[in-house]
file query_33.cif (mmCIF, C-alpha atoms, pLDDT in the B column; chains and numbers go by the auth columns)
data_coords
#
loop_
_atom_site.group_PDB
_atom_site.id
_atom_site.type_symbol
_atom_site.label_atom_id
_atom_site.label_comp_id
_atom_site.label_asym_id
_atom_site.label_seq_id
_atom_site.Cartn_x
_atom_site.Cartn_y
_atom_site.Cartn_z
_atom_site.B_iso_or_equiv
_atom_site.auth_seq_id
_atom_site.auth_asym_id
ATOM 1 C CA MET A 1 -45.979 -12.387 27.641 46.00 58 A
ATOM 2 C CA ALA A 2 -44.973 -13.236 31.216 50.00 59 A
ATOM 3 C CA LEU A 3 -41.822 -15.243 31.731 51.00 60 A
ATOM 4 C CA TYR A 4 -42.414 -18.443 33.615 52.00 61 A
ATOM 5 C CA ASN A 5 -39.212 -18.644 35.644 56.00 62 A
ATOM 6 C CA LYS A 6 -38.361 -21.979 37.251 67.00 63 A
ATOM 7 C CA TYR A 7 -35.025 -21.461 38.952 69.00 64 A
ATOM 8 C CA LEU A 8 -32.877 -24.582 39.217 75.00 65 A
ATOM 9 C CA SER A 9 -30.744 -23.839 42.263 78.00 66 A
ATOM 10 C CA ASN A 10 -28.900 -27.158 42.204 83.00 67 A
ATOM 11 C CA LEU A 11 -27.690 -26.752 38.591 85.00 68 A
ATOM 12 C CA THR A 12 -26.338 -23.209 38.856 80.00 69 A
ATOM 13 C CA PRO A 13 -23.273 -24.248 40.907 87.00 70 A
ATOM 14 C CA LEU A 14 -22.505 -26.934 38.311 89.00 71 A
ATOM 15 C CA ARG A 15 -22.376 -24.265 35.615 86.00 72 A
ATOM 16 C CA GLY A 16 -19.953 -22.276 37.793 88.00 73 A
ATOM 17 C CA VAL A 17 -17.726 -25.312 38.370 91.00 74 A
ATOM 18 C CA ALA A 18 -17.731 -26.112 34.648 90.00 75 A
ATOM 19 C CA ALA A 19 -16.799 -22.500 33.833 89.00 76 A
ATOM 20 C CA LEU A 20 -13.933 -22.499 36.365 91.00 77 A
ATOM 21 C CA LEU A 21 -12.573 -25.828 35.099 88.00 78 A
ATOM 22 C CA THR A 22 -12.747 -24.476 31.545 88.00 79 A
ATOM 23 C CA ILE A 23 -10.712 -21.445 32.630 89.00 80 A
ATOM 24 C CA ILE A 24 -8.123 -23.690 34.313 84.00 81 A
ATOM 25 C CA TYR A 25 -7.851 -25.796 31.150 83.00 82 A
ATOM 26 C CA HIS A 26 -7.349 -22.741 28.937 83.00 83 A
ATOM 27 C CA VAL A 27 -4.823 -21.152 31.310 83.00 84 A
ATOM 28 C CA ASP A 28 -2.827 -24.380 31.100 79.00 85 A
ATOM 29 C CA LEU A 29 -3.032 -24.271 27.304 79.00 86 A
ATOM 30 C CA MET A 30 -1.961 -20.643 27.032 78.00 87 A
ATOM 31 C CA LEU A 31 0.573 -20.247 29.836 76.00 88 A
ATOM 32 C CA GLY A 32 1.722 -23.823 29.900 68.00 89 A
ATOM 33 C CA GLY A 33 2.967 -23.773 26.335 65.00 90 A
ATOM 34 C CA GLY A 34 0.239 -25.901 24.808 63.00 91 A
ATOM 35 C CA GLY A 35 -0.839 -27.877 27.824 64.00 92 A
ATOM 36 C CA ASN A 36 0.572 -30.447 30.224 67.00 93 A
ATOM 37 C CA MET A 37 2.916 -27.981 31.884 71.00 94 A
ATOM 38 C CA LEU A 38 0.876 -26.495 34.693 73.00 95 A
ATOM 39 C CA LEU A 39 -1.490 -29.460 34.988 73.00 96 A
ATOM 40 C CA LYS A 40 -0.041 -32.914 34.585 74.00 97 A
ATOM 41 C CA THR A 41 -2.791 -34.502 32.520 73.00 98 A
ATOM 42 C CA LYS A 42 -1.209 -37.955 32.498 75.00 99 A
ATOM 43 C CA ASP A 43 -1.574 -38.095 36.296 76.00 100 A
ATOM 44 C CA SER A 44 -5.277 -37.235 36.445 78.00 101 A
ATOM 45 C CA LEU A 45 -8.350 -38.414 34.588 80.00 102 A
ATOM 46 C CA LEU A 46 -10.079 -35.144 35.498 79.00 103 A
ATOM 47 C CA PHE A 47 -7.339 -32.875 34.157 79.00 104 A
ATOM 48 C CA SER A 48 -6.944 -34.903 30.962 80.00 105 A
ATOM 49 C CA ARG A 49 -10.624 -34.350 30.153 85.00 106 A
ATOM 50 C CA LEU A 50 -11.149 -30.735 31.155 85.00 107 A
ATOM 51 C CA TYR A 51 -11.866 -29.872 27.515 86.00 108 A
ATOM 52 C CA LEU A 52 -15.239 -31.564 28.035 91.00 109 A
ATOM 53 C CA MET A 53 -16.274 -28.859 30.502 91.00 110 A
ATOM 54 C CA VAL A 54 -17.026 -26.498 27.592 89.00 111 A
ATOM 55 C CA ASP A 55 -19.465 -29.060 26.182 93.00 112 A
ATOM 56 C CA PHE A 56 -20.950 -29.676 29.614 93.00 113 A
ATOM 57 C CA PHE A 57 -21.430 -25.951 30.212 90.00 114 A
ATOM 58 C CA PHE A 58 -23.229 -25.455 26.880 90.00 115 A
ATOM 59 C CA ILE A 59 -25.405 -28.540 27.270 94.00 116 A
ATOM 60 C CA LEU A 60 -26.368 -27.547 30.807 91.00 117 A
ATOM 61 C CA SER A 61 -27.095 -23.967 29.722 87.00 118 A
ATOM 62 C CA GLY A 62 -29.276 -25.253 26.887 89.00 119 A
ATOM 63 C CA PHE A 63 -31.146 -27.518 29.287 90.00 120 A
ATOM 64 C CA ILE A 64 -31.758 -24.641 31.692 85.00 121 A
ATOM 65 C CA MET A 65 -33.019 -22.408 28.873 83.00 122 A
ATOM 66 C CA CYS A 66 -35.324 -25.179 27.670 86.00 123 A
ATOM 67 C CA HIS A 67 -36.559 -25.704 31.215 85.00 124 A
ATOM 68 C CA VAL A 68 -37.229 -22.009 31.788 80.00 125 A
ATOM 69 C CA TYR A 69 -38.601 -21.075 28.341 79.00 126 A
ATOM 70 C CA GLY A 70 -39.995 -24.424 27.106 83.00 127 A
ATOM 71 C CA GLU A 71 -43.632 -23.986 28.111 82.00 128 A
ATOM 72 C CA LEU A 72 -43.617 -20.357 27.010 77.00 129 A
ATOM 73 C CA PHE A 73 -42.361 -21.281 23.549 77.00 130 A
ATOM 74 C CA ALA A 74 -44.738 -24.207 23.157 81.00 131 A
ATOM 75 C CA SER A 75 -47.841 -22.259 24.143 82.00 132 A
ATOM 76 C CA SER A 76 -47.462 -18.654 23.072 80.00 133 A
ATOM 77 C CA VAL A 77 -44.485 -17.872 20.869 77.00 134 A
ATOM 78 C CA LYS A 78 -45.475 -16.527 17.496 81.00 135 A
ATOM 79 C CA GLY A 79 -43.490 -14.547 14.907 82.00 136 A
ATOM 80 C CA PRO A 80 -43.166 -11.141 16.609 84.00 137 A
ATOM 81 C CA SER A 81 -42.470 -12.533 20.086 80.00 138 A
ATOM 82 C CA PHE A 82 -39.920 -15.001 18.687 83.00 139 A
ATOM 83 C CA LYS A 83 -38.172 -12.128 16.922 88.00 140 A
ATOM 84 C CA LYS A 84 -38.146 -10.119 20.174 88.00 141 A
ATOM 85 C CA PHE A 85 -36.671 -13.091 22.074 81.00 142 A
ATOM 86 C CA THR A 86 -34.021 -13.717 19.393 87.00 143 A
ATOM 87 C CA VAL A 87 -32.977 -10.060 19.274 92.00 144 A
ATOM 88 C CA ALA A 88 -32.762 -9.959 23.083 91.00 145 A
ATOM 89 C CA ARG A 89 -30.545 -13.097 23.181 87.00 146 A
ATOM 90 C CA PHE A 90 -28.319 -11.758 20.396 92.00 147 A
ATOM 91 C CA ALA A 91 -27.999 -8.375 22.137 94.00 148 A
ATOM 92 C CA ARG A 92 -26.944 -10.136 25.318 91.00 149 A
ATOM 93 C CA VAL A 93 -24.256 -12.331 23.737 90.00 150 A
ATOM 94 C CA TYR A 94 -22.883 -10.395 20.748 93.00 151 A
ATOM 95 C CA PRO A 95 -21.274 -7.393 22.501 95.00 152 A
ATOM 96 C CA LEU A 96 -18.832 -9.652 24.354 94.00 153 A
ATOM 97 C CA HIS A 97 -17.861 -11.385 21.112 94.00 154 A
ATOM 98 C CA PHE A 98 -17.337 -8.045 19.408 96.00 155 A
ATOM 99 C CA VAL A 99 -15.213 -6.630 22.249 96.00 156 A
ATOM 100 C CA THR A 100 -13.131 -9.827 22.311 95.00 157 A
ATOM 101 C CA LEU A 101 -12.590 -9.637 18.541 96.00 158 A
ATOM 102 C CA VAL A 102 -11.456 -6.002 18.742 97.00 159 A
ATOM 103 C CA TYR A 103 -9.164 -6.809 21.685 96.00 160 A
ATOM 104 C CA THR A 104 -7.614 -9.763 19.840 92.00 161 A
ATOM 105 C CA ILE A 105 -7.012 -7.734 16.689 94.00 162 A
ATOM 106 C CA ALA A 106 -5.423 -4.941 18.737 94.00 163 A
ATOM 107 C CA LEU A 107 -3.283 -7.439 20.656 91.00 164 A
ATOM 108 C CA PHE A 108 -1.965 -9.056 17.475 88.00 165 A
ATOM 109 C CA TYR A 109 -1.356 -5.679 15.876 90.00 166 A
ATOM 110 C CA ILE A 110 0.548 -4.319 18.880 91.00 167 A
ATOM 111 C CA SER A 111 2.499 -7.581 19.238 85.00 168 A
ATOM 112 C CA GLY A 112 3.552 -7.329 15.612 83.00 169 A
ATOM 113 C CA LYS A 113 4.580 -3.677 15.916 86.00 170 A
ATOM 114 C CA LEU A 114 6.597 -4.338 19.091 85.00 171 A
ATOM 115 C CA ASP A 115 8.223 -7.397 17.508 79.00 172 A
ATOM 116 C CA ILE A 116 7.055 -9.704 20.287 76.00 173 A
ATOM 117 C CA PRO A 117 7.999 -13.253 19.294 67.00 174 A
ATOM 118 C CA SER A 118 5.380 -15.937 19.011 62.00 175 A
ATOM 119 C CA LEU A 119 5.192 -18.936 21.317 54.00 176 A
ATOM 120 C CA LYS A 120 6.304 -21.135 18.407 57.00 177 A
ATOM 121 C CA TYR A 121 9.480 -19.013 18.113 53.00 178 A
ATOM 122 C CA LEU A 122 10.138 -19.216 21.866 50.00 179 A
ATOM 123 C CA GLN A 123 9.904 -23.024 21.783 55.00 180 A
ATOM 124 C CA GLY A 124 12.551 -23.181 19.068 54.00 181 A
ATOM 125 C CA ASP A 125 10.222 -24.287 16.247 52.00 182 A
ATOM 126 C CA GLY A 126 10.453 -21.105 14.180 49.00 183 A
#

call {"tool": "encode", "arguments": {"input": "query_33.cif", "output": "structure tokens"}}
result
Amino acid sequence: MALYNKYLSNLTPLRGVAALLTIIYHVDLMLGGGGNMLLKTKDSLLFSRLYLMVDFFFILSGFIMCHVYGELFASSVKGPSFKKFTVARFARVYPLHFVTLVYTIALFYISGKLDIPSLKYLQGDG
């Protein structure tokens, strides 16, 4: 089963821009105390809608996958090759999710043991 690769050079930079804008949005949420501290969203239509970059990134990634694998799936994918493709996609994505889960659990555990106050406590709500 040969992969029919049709590289879309003009869409790859858009994925990178969407990923960077998503990072900026989340940095503002985390370091800016819930948003609107680092980026003044009321002053910019772009900044106030950066949450849409996650959706854009996933839609664009899905389009690229459909573009690259569409003909292959339509013409030759049967049970065993579909299973091989699914296992390969899962193996590519899952390890990062697992490492992030372990890191988050460790971070919360260590924060609790060191008595690090939560953001809610620092803002005077707790």

call {"tool": "closest_residue", "arguments": {"input": "query_33.cif", "among": "A:Thr79, A:Ser66, A:Thr143, A:Thr157", "to": "Leu109 of chain A", "atoms": "only C-alpha atoms"}}
result
A:Thr79

call {"tool": "resolve_selection", "arguments": {"input": "query_33.cif", "expression": "the PyMOL selection byres ((chain A and resi 116-118) around 12)", "output": "list of chain:residue names"}}
result
A:Leu65, A:Asn67, A:Leu68, A:Thr69, A:Pro70, A:Leu71, A:Arg72, A:Gly73, A:Val74, A:Ala75, A:Ala76, A:Leu109, A:Met110, A:Val111, A:Asp112, A:Phe113, A:Phe114, A:Phe115, A:Gly119, A:Phe120, A:Ile121, A:Met122, A:Cys123, A:His124, A:Val125, A:Tyr126

call {"tool": "atom_distance", "arguments": {"input": "query_33.cif", "atom1": "atom CA of Leu107 of chain A", "atom2": "atom CA of Leu78 of chain A"}}
result
6.5 Å

call {"tool": "atom_distance", "arguments": {"input": "query_33.cif", "atom1": "atom CA of Phe155 of chain A", "atom2": "atom CA of Ile167 of chain A"}}
result
18.3 Å

call {"tool": "atom_distance", "arguments": {"input": "query_33.cif", "atom1": "atom CA of Leu158 of chain A", "atom2": "atom CA of Tyr108 of chain A"}}
result
22.1 Å

call {"tool": "axis_aligned_box", "arguments": {"input": "query_33.cif", "around": "segment 106-116 of chain A", "padding_each_side": "8 Å", "output": "JSON"}}
result
{"center_x": -18.0, "center_y": -29.9, "center_z": 28.7, "size_x": 30.8, "size_y": 24.9, "size_z": 21.0}
